[in-house]
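Structure file work37.tsv with TSV, C-alpha atoms:
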```
chain	number	residue	atom	x	y	z
A	846	MET	CA	103.68	-138.85	-137.07
A	847	VAL	CA	104.75	-141.70	-134.80
A	848	LYS	CA	108.19	-141.84	-136.40
A	849	TYR	CA	108.60	-138.13	-135.87
A	850	LEU	CA	107.69	-138.43	-132.18
A	851	LEU	CA	110.04	-141.38	-131.77
A	852	ALA	CA	112.86	-139.37	-133.30
A	853	VAL	CA	112.25	-136.46	-130.96
A	854	PHE	CA	112.06	-138.82	-127.99
A	855	ALA	CA	115.33	-140.51	-128.96
A	856	LEU	CA	117.05	-137.14	-129.24
A	857	LEU	CA	115.78	-136.08	-125.83
A	858	ILE	CA	116.90	-139.18	-123.95
A	859	SER	CA	120.28	-139.17	-125.67
A	860	MET	CA	121.21	-136.08	-123.63
A	861	GLN	CA	120.99	-137.94	-120.32
A	862	SER	CA	124.47	-139.45	-120.31
A	863	TYR	CA	126.14	-137.00	-117.91
A	864	ALA	CA	125.04	-135.91	-114.45
A	865	GLN	CA	125.31	-132.25	-115.40
A	866	ASP	CA	122.66	-129.58	-115.70
A	867	ILE	CA	124.81	-127.07	-117.51
A	868	PRO	CA	127.22	-128.23	-120.18
A	869	PHE	CA	130.67	-126.64	-119.85
A	870	ASP	CA	132.73	-125.31	-122.73
A	871	PHE	CA	136.35	-126.32	-122.98
A	872	ASP	CA	139.22	-124.79	-124.91
A	873	SER	CA	140.50	-128.15	-126.05
A	874	ALA	CA	139.77	-131.85	-125.96
A	875	GLU	CA	142.64	-132.25	-123.50
A	876	GLN	CA	141.06	-129.78	-121.09
A	877	GLU	CA	137.78	-131.62	-121.33
A	878	LEU	CA	139.47	-134.96	-120.68
A	879	ARG	CA	141.38	-133.48	-117.76
A	880	TYR	CA	138.14	-132.13	-116.29
A	881	LYS	CA	136.35	-135.45	-116.67
A	882	LYS	CA	139.18	-137.35	-115.00
A	883	LEU	CA	139.46	-134.83	-112.20
A	884	ILE	CA	135.79	-134.93	-111.26
A	885	GLU	CA	135.98	-138.71	-111.08
A	886	GLU	CA	138.64	-138.39	-108.38
A	887	ILE	CA	136.58	-136.12	-106.14
A	888	ARG	CA	133.90	-137.48	-103.86
A	889	CYS	CA	130.39	-136.09	-103.76
A	890	LEU	CA	129.99	-135.33	-100.07
A	891	VAL	CA	126.22	-135.59	-100.19
A	892	CYS	CA	126.01	-138.95	-102.00
A	893	GLN	CA	129.26	-140.16	-100.54
A	894	ASN	CA	129.64	-143.33	-102.57
A	895	GLN	CA	129.59	-141.34	-105.80
A	896	SER	CA	132.17	-139.14	-107.43
A	897	LEU	CA	131.44	-135.63	-108.66
A	898	ALA	CA	131.12	-137.14	-112.13
A	899	ASP	CA	128.23	-139.37	-111.13
A	900	SER	CA	126.29	-137.39	-108.57
A	901	ASN	CA	123.20	-135.30	-109.22
A	902	ALA	CA	123.30	-133.56	-105.86
A	903	GLU	CA	123.26	-129.78	-105.90
A	904	LEU	CA	126.52	-129.55	-104.00
A	905	ALA	CA	128.09	-131.78	-106.65
A	906	GLN	CA	126.92	-129.32	-109.31
A	907	ASP	CA	128.39	-126.43	-107.29
A	908	LEU	CA	131.69	-128.23	-106.84
A	909	ARG	CA	131.88	-129.15	-110.53
A	910	GLU	CA	131.41	-125.47	-111.34
A	911	GLU	CA	134.14	-124.64	-108.84
A	912	VAL	CA	136.51	-127.17	-110.44
A	913	TYR	CA	135.70	-125.84	-113.91
A	914	GLY	CA	136.19	-122.25	-112.78
A	915	GLN	CA	139.55	-123.00	-111.19
A	916	MET	CA	140.73	-124.94	-114.24
A	917	ASN	CA	139.93	-121.91	-116.38
A	918	LYS	CA	141.90	-119.69	-114.02
A	919	GLY	CA	144.90	-121.89	-114.75
A	920	LEU	CA	145.10	-123.78	-111.47
A	921	SER	CA	146.64	-127.23	-111.54
A	922	ASN	CA	144.92	-130.46	-110.51
A	923	GLN	CA	147.00	-130.42	-107.34
A	924	ASP	CA	145.90	-126.84	-106.57
A	925	ILE	CA	142.24	-127.74	-107.02
A	926	ILE	CA	142.49	-130.86	-104.88
A	927	SER	CA	144.38	-128.96	-102.17
A	928	PHE	CA	141.64	-126.33	-102.24
A	929	LEU	CA	138.97	-128.97	-101.62
A	930	VAL	CA	140.96	-130.93	-99.04
A	931	ALA	CA	141.58	-127.72	-97.06
A	932	ARG	CA	137.82	-127.28	-96.78
A	933	TYR	CA	136.46	-130.82	-96.63
A	934	GLY	CA	139.38	-132.90	-95.43
A	935	ASP	CA	140.96	-135.98	-96.99
A	936	PHE	CA	137.58	-137.65	-97.36
A	937	VAL	CA	136.85	-135.49	-100.41
A	938	MET	CA	139.40	-137.49	-102.36
A	939	TYR	CA	137.73	-140.55	-103.74
A	940	ARG	CA	140.86	-142.61	-103.26
A	941	PRO	CA	142.32	-142.05	-99.79
A	942	PRO	CA	145.88	-140.72	-99.80
A	943	LEU	CA	148.73	-142.92	-98.62
A	944	LYS	CA	149.62	-141.43	-95.23
A	945	LYS	CA	150.60	-142.91	-91.93
A	946	SER	CA	147.00	-142.70	-90.80
A	947	THR	CA	145.76	-144.66	-93.84
A	948	TRP	CA	148.50	-147.30	-93.82
A	949	LEU	CA	146.20	-149.81	-92.16
A	950	LEU	CA	143.46	-149.06	-94.68
A	951	TRP	CA	145.70	-149.61	-97.69
A	952	PHE	CA	147.86	-152.51	-96.50
A	953	GLY	CA	145.55	-154.10	-93.92
A	954	PRO	CA	143.73	-156.44	-96.31
A	955	PHE	CA	147.01	-157.71	-97.80
A	956	ILE	CA	148.48	-158.24	-94.34
A	957	LEU	CA	145.41	-160.17	-93.26
A	958	LEU	CA	145.61	-162.26	-96.42
A	959	LEU	CA	149.26	-163.00	-95.73
A	960	ILE	CA	148.47	-164.07	-92.17
A	961	GLY	CA	145.70	-166.30	-93.49
A	962	VAL	CA	147.98	-167.96	-96.03
A	963	VAL	CA	150.70	-168.56	-93.43
A	964	VAL	CA	148.19	-170.10	-91.03
A	965	VAL	CA	146.80	-172.39	-93.73
A	966	ILE	CA	150.26	-173.56	-94.78
A	967	ARG	CA	151.24	-174.34	-91.22
A	968	LEU	CA	147.99	-176.21	-90.63
A	969	ILE	CA	148.58	-178.36	-93.69
A	970	LYS	CA	152.13	-179.12	-92.59
A	971	THR	CA	151.15	-180.19	-89.06
A	972	ASN	CA	148.30	-182.32	-90.40
A	973	THR	CA	150.48	-184.21	-92.84
A	974	SER	CA	153.25	-184.78	-90.29
A	975	GLN	CA	150.71	-185.98	-87.75
A	976	ALA	CA	149.23	-188.47	-90.20
A	977	GLN	CA	152.47	-190.38	-90.27
A	978	ASN	CA	152.47	-190.97	-86.51
A	979	ILE	CA	148.85	-191.93	-85.98
A	980	LEU	CA	149.46	-195.59	-85.37
A	981	SER	CA	150.86	-196.33	-81.92
A	982	GLN	CA	153.25	-199.14	-81.25
A	983	GLN	CA	150.48	-201.45	-80.01
A	984	ASP	CA	148.39	-200.81	-83.07
A	985	LYS	CA	151.32	-201.57	-85.31
A	986	GLU	CA	151.76	-204.95	-83.66
A	987	LYS	CA	148.04	-205.69	-84.07
A	988	VAL	CA	148.20	-204.81	-87.72
A	989	GLN	CA	151.21	-207.03	-88.23
A	990	ALA	CA	149.43	-209.92	-86.49
A	991	LEU	CA	146.33	-209.45	-88.59
A	992	LEU	CA	148.33	-209.35	-91.78
A	993	GLN	CA	150.15	-212.53	-90.84
A	994	ASN	CA	146.86	-214.25	-90.07
A	995	SER	CA	145.38	-213.33	-93.38
A	996	ASP	CA	148.57	-214.50	-95.12
A	997	ASN	CA	148.32	-217.84	-93.34
A	998	GLU	CA	144.64	-218.26	-94.24
A	999	GLY	CA	145.31	-217.36	-97.78
A	1000	LYS	CA	147.84	-220.17	-98.21
B	1090	MET	CA	147.51	-174.35	-76.27
B	1091	ILE	CA	148.86	-171.50	-78.32
B	1092	LYS	CA	147.28	-172.73	-81.52
B	1093	TYR	CA	143.87	-172.64	-79.87
B	1094	ALA	CA	144.45	-169.20	-78.43
B	1095	LEU	CA	145.53	-167.63	-81.72
B	1096	PRO	CA	142.18	-167.84	-83.60
B	1097	ALA	CA	140.39	-166.63	-80.49
B	1098	VAL	CA	142.73	-163.66	-80.20
B	1099	LEU	CA	142.33	-162.82	-83.89
B	1100	PHE	CA	138.56	-163.16	-83.59
B	1101	PHE	CA	138.33	-160.80	-80.62
B	1102	GLY	CA	140.71	-158.43	-82.32
B	1103	LEU	CA	138.46	-158.26	-85.35
B	1104	LEU	CA	135.42	-157.96	-83.10
B	1105	ILE	CA	136.88	-154.89	-81.42
B	1106	LEU	CA	137.84	-153.40	-84.79
B	1107	PHE	CA	134.31	-153.83	-86.13
B	1108	ALA	CA	132.72	-152.50	-82.95
B	1109	LEU	CA	134.83	-149.36	-83.20
B	1110	GLY	CA	133.91	-149.00	-86.86
B	1111	LEU	CA	130.21	-149.38	-86.25
B	1112	GLY	CA	130.35	-146.88	-83.41
B	1113	SER	CA	131.49	-144.00	-85.61
B	1114	ASP	CA	129.40	-142.54	-88.39
B	1115	PRO	CA	131.58	-142.13	-91.48
B	1116	SER	CA	129.00	-139.98	-93.24
B	1117	ARG	CA	129.71	-137.20	-90.76
B	1118	ILE	CA	132.80	-135.60	-92.14
B	1119	PRO	CA	135.06	-134.00	-89.50
B	1120	SER	CA	135.89	-130.41	-90.17
B	1121	PRO	CA	139.50	-129.55	-91.02
B	1122	PHE	CA	138.90	-126.14	-89.44
B	1123	ILE	CA	138.86	-127.23	-85.81
B	1124	ASP	CA	141.22	-124.95	-83.84
B	1125	LYS	CA	141.72	-122.79	-86.91
B	1126	PRO	CA	140.30	-119.32	-87.57
B	1127	VAL	CA	136.98	-119.17	-89.33
B	1128	PRO	CA	137.66	-118.73	-93.08
B	1129	ALA	CA	137.39	-115.18	-94.36
B	1130	PHE	CA	134.13	-114.12	-95.95
B	1131	ASP	CA	132.30	-110.93	-96.83
B	1132	LEU	CA	128.59	-111.10	-97.58
B	1133	PRO	CA	125.55	-108.86	-97.60
B	1134	ARG	CA	123.29	-109.11	-94.60
B	1135	LEU	CA	120.04	-110.95	-95.14
B	1136	LYS	CA	117.67	-108.32	-93.78
B	1137	GLN	CA	119.86	-105.35	-94.69
B	1138	PRO	CA	121.43	-106.18	-98.03
B	1139	SER	CA	123.21	-102.84	-98.28
B	1140	VAL	CA	125.24	-103.70	-95.18
B	1141	GLN	CA	128.07	-106.24	-95.30
B	1142	ILE	CA	128.93	-108.84	-92.70
B	1143	SER	CA	132.32	-110.52	-92.55
B	1144	HIS	CA	134.37	-113.02	-90.53
B	1145	GLU	CA	135.61	-110.10	-88.43
B	1146	ASP	CA	132.11	-109.67	-87.03
B	1147	LEU	CA	132.38	-113.13	-85.49
B	1148	ARG	CA	135.06	-112.06	-83.03
B	1149	GLY	CA	134.64	-110.52	-79.62
B	1150	GLU	CA	132.36	-113.03	-77.97
B	1151	VAL	CA	131.68	-116.74	-78.07
B	1152	THR	CA	129.50	-117.32	-81.12
B	1153	LEU	CA	127.51	-119.98	-82.86
B	1154	LEU	CA	127.57	-119.83	-86.63
B	1155	ASN	CA	124.50	-121.67	-87.85
B	1156	VAL	CA	124.05	-122.60	-91.51
B	1157	TRP	CA	120.35	-122.62	-92.40
B	1158	ALA	CA	117.86	-122.21	-95.23
B	1159	SER	CA	114.11	-121.83	-95.58
B	1160	TRP	CA	114.01	-124.92	-97.84
B	1161	CYS	CA	115.76	-127.02	-95.20
B	1162	VAL	CA	113.26	-129.25	-93.37
B	1163	ALA	CA	115.73	-130.46	-90.74
B	1164	CYS	CA	116.46	-126.84	-89.77
B	1165	ARG	CA	112.97	-126.62	-88.32
B	1166	HIS	CA	113.82	-129.38	-85.86
B	1167	GLU	CA	116.52	-127.31	-84.22
B	1168	HIS	CA	114.83	-123.93	-84.52
B	1169	GLU	CA	113.13	-123.96	-81.13
B	1170	LEU	CA	116.42	-124.84	-79.46
B	1171	LEU	CA	118.21	-122.01	-81.26
B	1172	LEU	CA	115.51	-119.57	-80.21
B	1173	SER	CA	115.80	-120.58	-76.58
B	1174	MET	CA	119.61	-120.48	-76.70
B	1175	ALA	CA	119.52	-116.93	-78.06
B	1176	ARG	CA	116.73	-115.73	-75.79
B	1177	ASP	CA	117.36	-117.50	-72.50
B	1178	LYS	CA	121.12	-117.97	-72.61
B	1179	GLY	CA	121.93	-114.75	-74.38
B	1180	LEU	CA	124.09	-116.67	-76.81
B	1181	ARG	CA	125.21	-114.84	-79.94
B	1182	ILE	CA	124.04	-116.86	-82.92
B	1183	VAL	CA	124.95	-115.65	-86.39
B	1184	GLY	CA	123.16	-117.23	-89.30
B	1185	LEU	CA	124.57	-118.17	-92.67
B	1186	ASN	CA	121.60	-118.30	-94.99
B	1187	TYR	CA	122.71	-120.84	-97.58
B	1188	LYS	CA	121.53	-120.88	-101.21
B	1189	ASP	CA	118.21	-119.30	-100.37
B	1190	GLU	CA	115.99	-116.68	-101.96
B	1191	ARG	CA	116.01	-113.60	-99.79
B	1192	PRO	CA	112.20	-113.17	-99.56
B	1193	ASP	CA	111.75	-116.86	-98.69
B	1194	ALA	CA	114.39	-116.66	-95.98
B	1195	ILE	CA	112.97	-113.51	-94.41
B	1196	ALA	CA	109.44	-114.89	-94.52
B	1197	TRP	CA	110.66	-118.06	-92.79
B	1198	LEU	CA	112.21	-116.04	-89.97
B	1199	ASN	CA	109.11	-113.92	-89.63
B	1200	GLN	CA	106.99	-117.01	-89.39
B	1201	LEU	CA	109.13	-119.14	-87.08
B	1202	GLY	CA	111.10	-116.53	-85.14
B	1203	ASP	CA	114.57	-115.12	-85.63
B	1204	PRO	CA	117.28	-116.41	-83.27
B	1205	TYR	CA	120.08	-114.69	-85.20
B	1206	ARG	CA	121.72	-111.42	-84.22
B	1207	LYS	CA	122.57	-111.18	-87.90
B	1208	SER	CA	122.28	-113.45	-90.89
B	1209	ALA	CA	124.64	-113.41	-93.84
B	1210	HIS	CA	123.10	-114.13	-97.22
B	1211	ASP	CA	125.22	-116.69	-99.07
B	1212	TYR	CA	123.11	-116.85	-102.18
B	1213	GLU	CA	125.57	-118.74	-104.36
B	1214	GLY	CA	126.86	-121.00	-101.63
B	1215	LYS	CA	130.50	-120.04	-102.19
B	1216	VAL	CA	131.05	-119.17	-98.54
B	1217	GLY	CA	129.46	-122.49	-97.72
B	1218	ILE	CA	132.10	-124.23	-99.81
B	1219	ASP	CA	134.82	-122.19	-98.07
B	1220	LEU	CA	133.50	-123.41	-94.74
B	1221	GLY	CA	133.25	-127.02	-95.88
B	1222	VAL	CA	129.47	-127.04	-95.68
B	1223	TYR	CA	127.96	-130.08	-97.34
B	1224	GLY	CA	124.55	-130.32	-95.70
B	1225	VAL	CA	122.13	-128.09	-93.88
B	1226	PRO	CA	121.89	-127.44	-90.98
B	1227	GLU	CA	125.45	-127.26	-89.73
B	1228	THR	CA	126.66	-125.33	-86.70
B	1229	PHE	CA	130.12	-124.04	-85.83
B	1230	VAL	CA	131.11	-123.05	-82.30
B	1231	LEU	CA	133.58	-120.17	-82.34
B	1232	ASP	CA	135.53	-118.80	-79.41
B	1233	LYS	CA	136.03	-115.11	-78.64
B	1234	HIS	CA	138.86	-114.89	-81.13
B	1235	GLY	CA	136.89	-116.24	-84.04
B	1236	ILE	CA	138.53	-119.65	-83.92
B	1237	ILE	CA	136.38	-122.67	-84.72
B	1238	ARG	CA	136.34	-125.05	-81.79
B	1239	TYR	CA	133.61	-127.48	-82.76
B	1240	LYS	CA	131.39	-128.29	-85.71
B	1241	HIS	CA	128.08	-130.06	-85.49
B	1242	ILE	CA	126.50	-131.65	-88.55
B	1243	GLY	CA	122.73	-131.89	-88.65
B	1244	PRO	CA	120.14	-130.36	-86.34
B	1245	ILE	CA	121.20	-129.47	-82.82
B	1246	THR	CA	119.58	-131.70	-80.24
B	1247	ASN	CA	119.22	-131.48	-76.49
B	1248	GLU	CA	121.67	-134.32	-76.17
B	1249	VAL	CA	124.39	-132.54	-78.15
B	1250	LEU	CA	123.78	-129.40	-76.14
B	1251	THR	CA	124.15	-131.05	-72.77
B	1252	THR	CA	126.98	-133.43	-73.62
B	1253	THR	CA	129.13	-131.26	-75.88
B	1254	ILE	CA	128.08	-127.71	-76.66
B	1255	TYR	CA	127.16	-126.26	-73.26
B	1256	PRO	CA	130.30	-127.62	-71.56
B	1257	LEU	CA	132.38	-126.21	-74.42
B	1258	LEU	CA	130.65	-122.84	-74.18
B	1259	ARG	CA	131.31	-122.70	-70.45
B	1260	GLU	CA	134.97	-123.42	-71.08
B	1261	LEU	CA	135.22	-120.86	-73.88
B	1262	ARG	CA	133.49	-118.15	-71.91
B	1263	GLN	CA	136.08	-118.46	-69.16
B	1264	ASP	CA	138.99	-118.11	-71.54
B	1265	ASN	CA	140.49	-114.66	-71.28
B	1266	ASN	CA	143.80	-115.49	-72.89
B	1267	ALA	CA	145.25	-115.13	-76.34
B	1268	PRO	CA	144.22	-117.85	-78.78
B	1269	VAL	CA	145.98	-121.22	-78.79
B	1270	ALA	CA	149.21	-120.90	-80.77
B	1271	LEU	CA	148.38	-121.14	-84.42
B	1272	ILE	CA	150.70	-122.62	-86.98
B	1273	THR	CA	150.48	-119.44	-89.03
B	1274	GLY	CA	151.41	-117.32	-86.02
B	1275	GLN	CA	148.57	-114.90	-86.70
B	1276	ASP	CA	148.09	-112.01	-84.35
B	1277	SER	CA	144.90	-112.40	-82.32
B	1278	SER	CA	143.93	-108.81	-82.92
B	1279	GLY	CA	144.52	-109.13	-86.67
```
Translate the structure described by the file into structure tokens.
Amino acid sequence: MVKYLLAVFALLISMQSYAQDIPFDFDSAEQELRYKKLIEEIRCLVCQNQSLADSNAELAQDLREEVYGQMNKGLSNQDIISFLVARYGDFVMYRPPLKKSTWLLWFGPFILLLIGVVVVIRLIKTNTSQAQNILSQQDKEKVQALLQNSDNEGK
Amino acid sequence: MIKYALPAVLFFGLLILFALGLGSDPSRIPSPFIDKPVPAFDLPRLKQPSVQISHEDLRGEVTLLNVWASWCVACRHEHELLLSMARDKGLRIVGLNYKDERPDAIAWLNQLGDPYRKSAHDYEGKVGIDLGVYGVPETFVLDKHGIIRYKHIGPITNEVLTTTIYPLLRELRQDNNAPVALITGQDSSG
């Protein structure tokens, strides 16, 4: 009896791998793969740090149905994304597009890193060149005198 | 001196950048429909399902298009304001009843009051998607020509009314000209 219940339980929880209420039918494995990749590229606007693939929100379900429906009508990935961007703006794309307005977003971190590296290199250079000039003329003479004294005492 | 000034400049630069970032709320998605005509739709009316209501019905006077639902708790927070705007200011508010059961929606209006001249029943939420709706409530301000001039996400508050919406309405009500030139070159009477 217990084994039977365990088997049923295992079967039930094995269905939880996708955030979908209704499983979709696809004509081919390629279509299914295309769908899965596409919904990973679209943001869920309710749970905004999740893609349509991950989110359980109702709007995510609606948008997944919309994507599926448009795929079946023969629309391309670009068509579907344009459709969503026209309604929700660029934010609906999980990865922001490379436009003039997002230049700073994309390249900013690398530019900051570059500035940081340059600053560090220059700091190291000035430190090492300074180290060579630390002793003033007076100090040098004192050092010489001390060394001579210790030489004399040693003899 | 310059080498002491540089970190300070960078620091204040970053400070300003972060302050600007913290000031804006990225979860509020700006609408791509600002200064564009309201997207076409054709839906049955909520209280009169045999009659259709479309985007054409939103022309002719300055209008608020308010997306609402009986299951939406936040909608209750703005309901009193909507009622007073419709009643006291004579503002035309058209409702878009989003993903709601008709009897529930009608009962809600009967219970809390109906600020809407008409409500469209978007049972499946497809018109919502066409409008870029992602949460409820949302409110669009349309000018006389049916062009969206402003979108507010979340319940309307007194603050939003006084700082943004009422000034905009005053401006829109004075406008007796043709709509601002649209990229598509659409005829305003079309």
B:Glu1227, B:Glu1167, B:Asp1219, B:Asp1232 ranked by distance to chain A, top pick (using only C-alpha atoms):
B:Asp1219
Compile the contact shell of stretch 1118-1134 of chain B as a tab-separated table (two decimals) with C-alpha atoms, in the coordinates of the input: residues with an atom at most 6 Å away, counting all atoms listed in the file, same-chain residues fewer than 2 positions apart removed.
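So out_34.tsv came out as:
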```tsv
chain	number	residue	atom	x	y	z
A	934	GLY	CA	139.38	-132.90	-95.43
B	1116	SER	CA	129.00	-139.98	-93.24
B	1136	LYS	CA	117.67	-108.32	-93.78
B	1137	GLN	CA	119.86	-105.35	-94.69
B	1138	PRO	CA	121.43	-106.18	-98.03
B	1140	VAL	CA	125.24	-103.70	-95.18
B	1141	GLN	CA	128.07	-106.24	-95.30
B	1142	ILE	CA	128.93	-108.84	-92.70
B	1143	SER	CA	132.32	-110.52	-92.55
B	1144	HIS	CA	134.37	-113.02	-90.53
B	1208	SER	CA	122.28	-113.45	-90.89
B	1209	ALA	CA	124.64	-113.41	-93.84
B	1210	HIS	CA	123.10	-114.13	-97.22
B	1235	GLY	CA	136.89	-116.24	-84.04
B	1236	ILE	CA	138.53	-119.65	-83.92
B	1237	ILE	CA	136.38	-122.67	-84.72
B	1238	ARG	CA	136.34	-125.05	-81.79
```
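Residue list for chain A within 7 Å of chain B: Leu890, Val891, Leu904, Ala931, Arg932, Tyr933 and Gly934 of chain A, counting only C-alpha atoms.
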Could the residues in this selection be written to a file with C-alpha atoms, as a PDB file, keeping the file's coordinate frame?
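As a result, part-v4.pdb now contains:
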```pdb
ATOM      1  CA  LEU A 890     129.990-135.330-100.070  1.00  0.00           C
ATOM      2  CA  VAL A 891     126.220-135.590-100.190  1.00  0.00           C
ATOM      3  CA  LEU A 904     126.520-129.550-104.000  1.00  0.00           C
ATOM      4  CA  ALA A 931     141.580-127.720 -97.060  1.00  0.00           C
ATOM      5  CA  ARG A 932     137.820-127.280 -96.780  1.00  0.00           C
ATOM      6  CA  TYR A 933     136.460-130.820 -96.630  1.00  0.00           C
ATOM      7  CA  GLY A 934     139.380-132.900 -95.430  1.00  0.00           C
TER       8      GLY A 934
END
```
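Taking only C-alpha atoms into account, A:Glu885 lies nearest to A:Asp899 out of the set A:Asp935, A:Asp984, A:Asp996, A:Asp899.
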Per-axis box centre and lengths in Å around stretch 1238-1256 of chain B, 4 Å margin per side, axis-aligned, as JSON:
```
{"center_x": 127.8, "center_y": -129.7, "center_z": -80.1, "size_x": 25.1, "size_y": 17.3, "size_z": 25.1}
```
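A straight line drawn from atom CA of A:Leu958 to atom CA of A:Phe936 is 25.9 Å long.
When all atoms listed in the file are used to compute distances to B:Leu1103, the closest of the residues A:Ser974, A:Leu957, A:Ser981, A:Lys987 turns out to be A:Leu957.
With only C-alpha atoms taken into account, the protein and nucleic acid residues at most 9 Å from B:Ile1182 (excluding it and anything under 4 positions from it in its own chain) are Thr1152, Leu1153, Leu1154, Asn1155, Leu1171, Met1174, Ala1175, Pro1204, Tyr1205, Arg1206, Lys1207 and Ser1208 of chain B.
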List every protein, DNA or RNA residue that has at least one atom no more than 8 Å from (143.4, -139.4, -97.0) in the file's coordinates, counting only C-alpha atoms, and write the result as a list of chain:residue names.
A:Gly934, A:Asp935, A:Phe936, A:Met938, A:Arg940, A:Pro941, A:Pro942, A:Leu943, A:Lys944, A:Ser946, A:Thr947
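Nearest to A:Ser896 of all the residues A:Tyr880, A:Phe928, A:Tyr939, A:Tyr913 is A:Tyr939, based on all atoms listed in the file.
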Dig up all the protein and nucleic acid residues within 10 Å of (119.5, -133.7, -89.7) in the file frame, using all atoms listed in the file, and format them as a ChimeraX atom specification.
/B:1161-1167,1224-1227,1242-1246
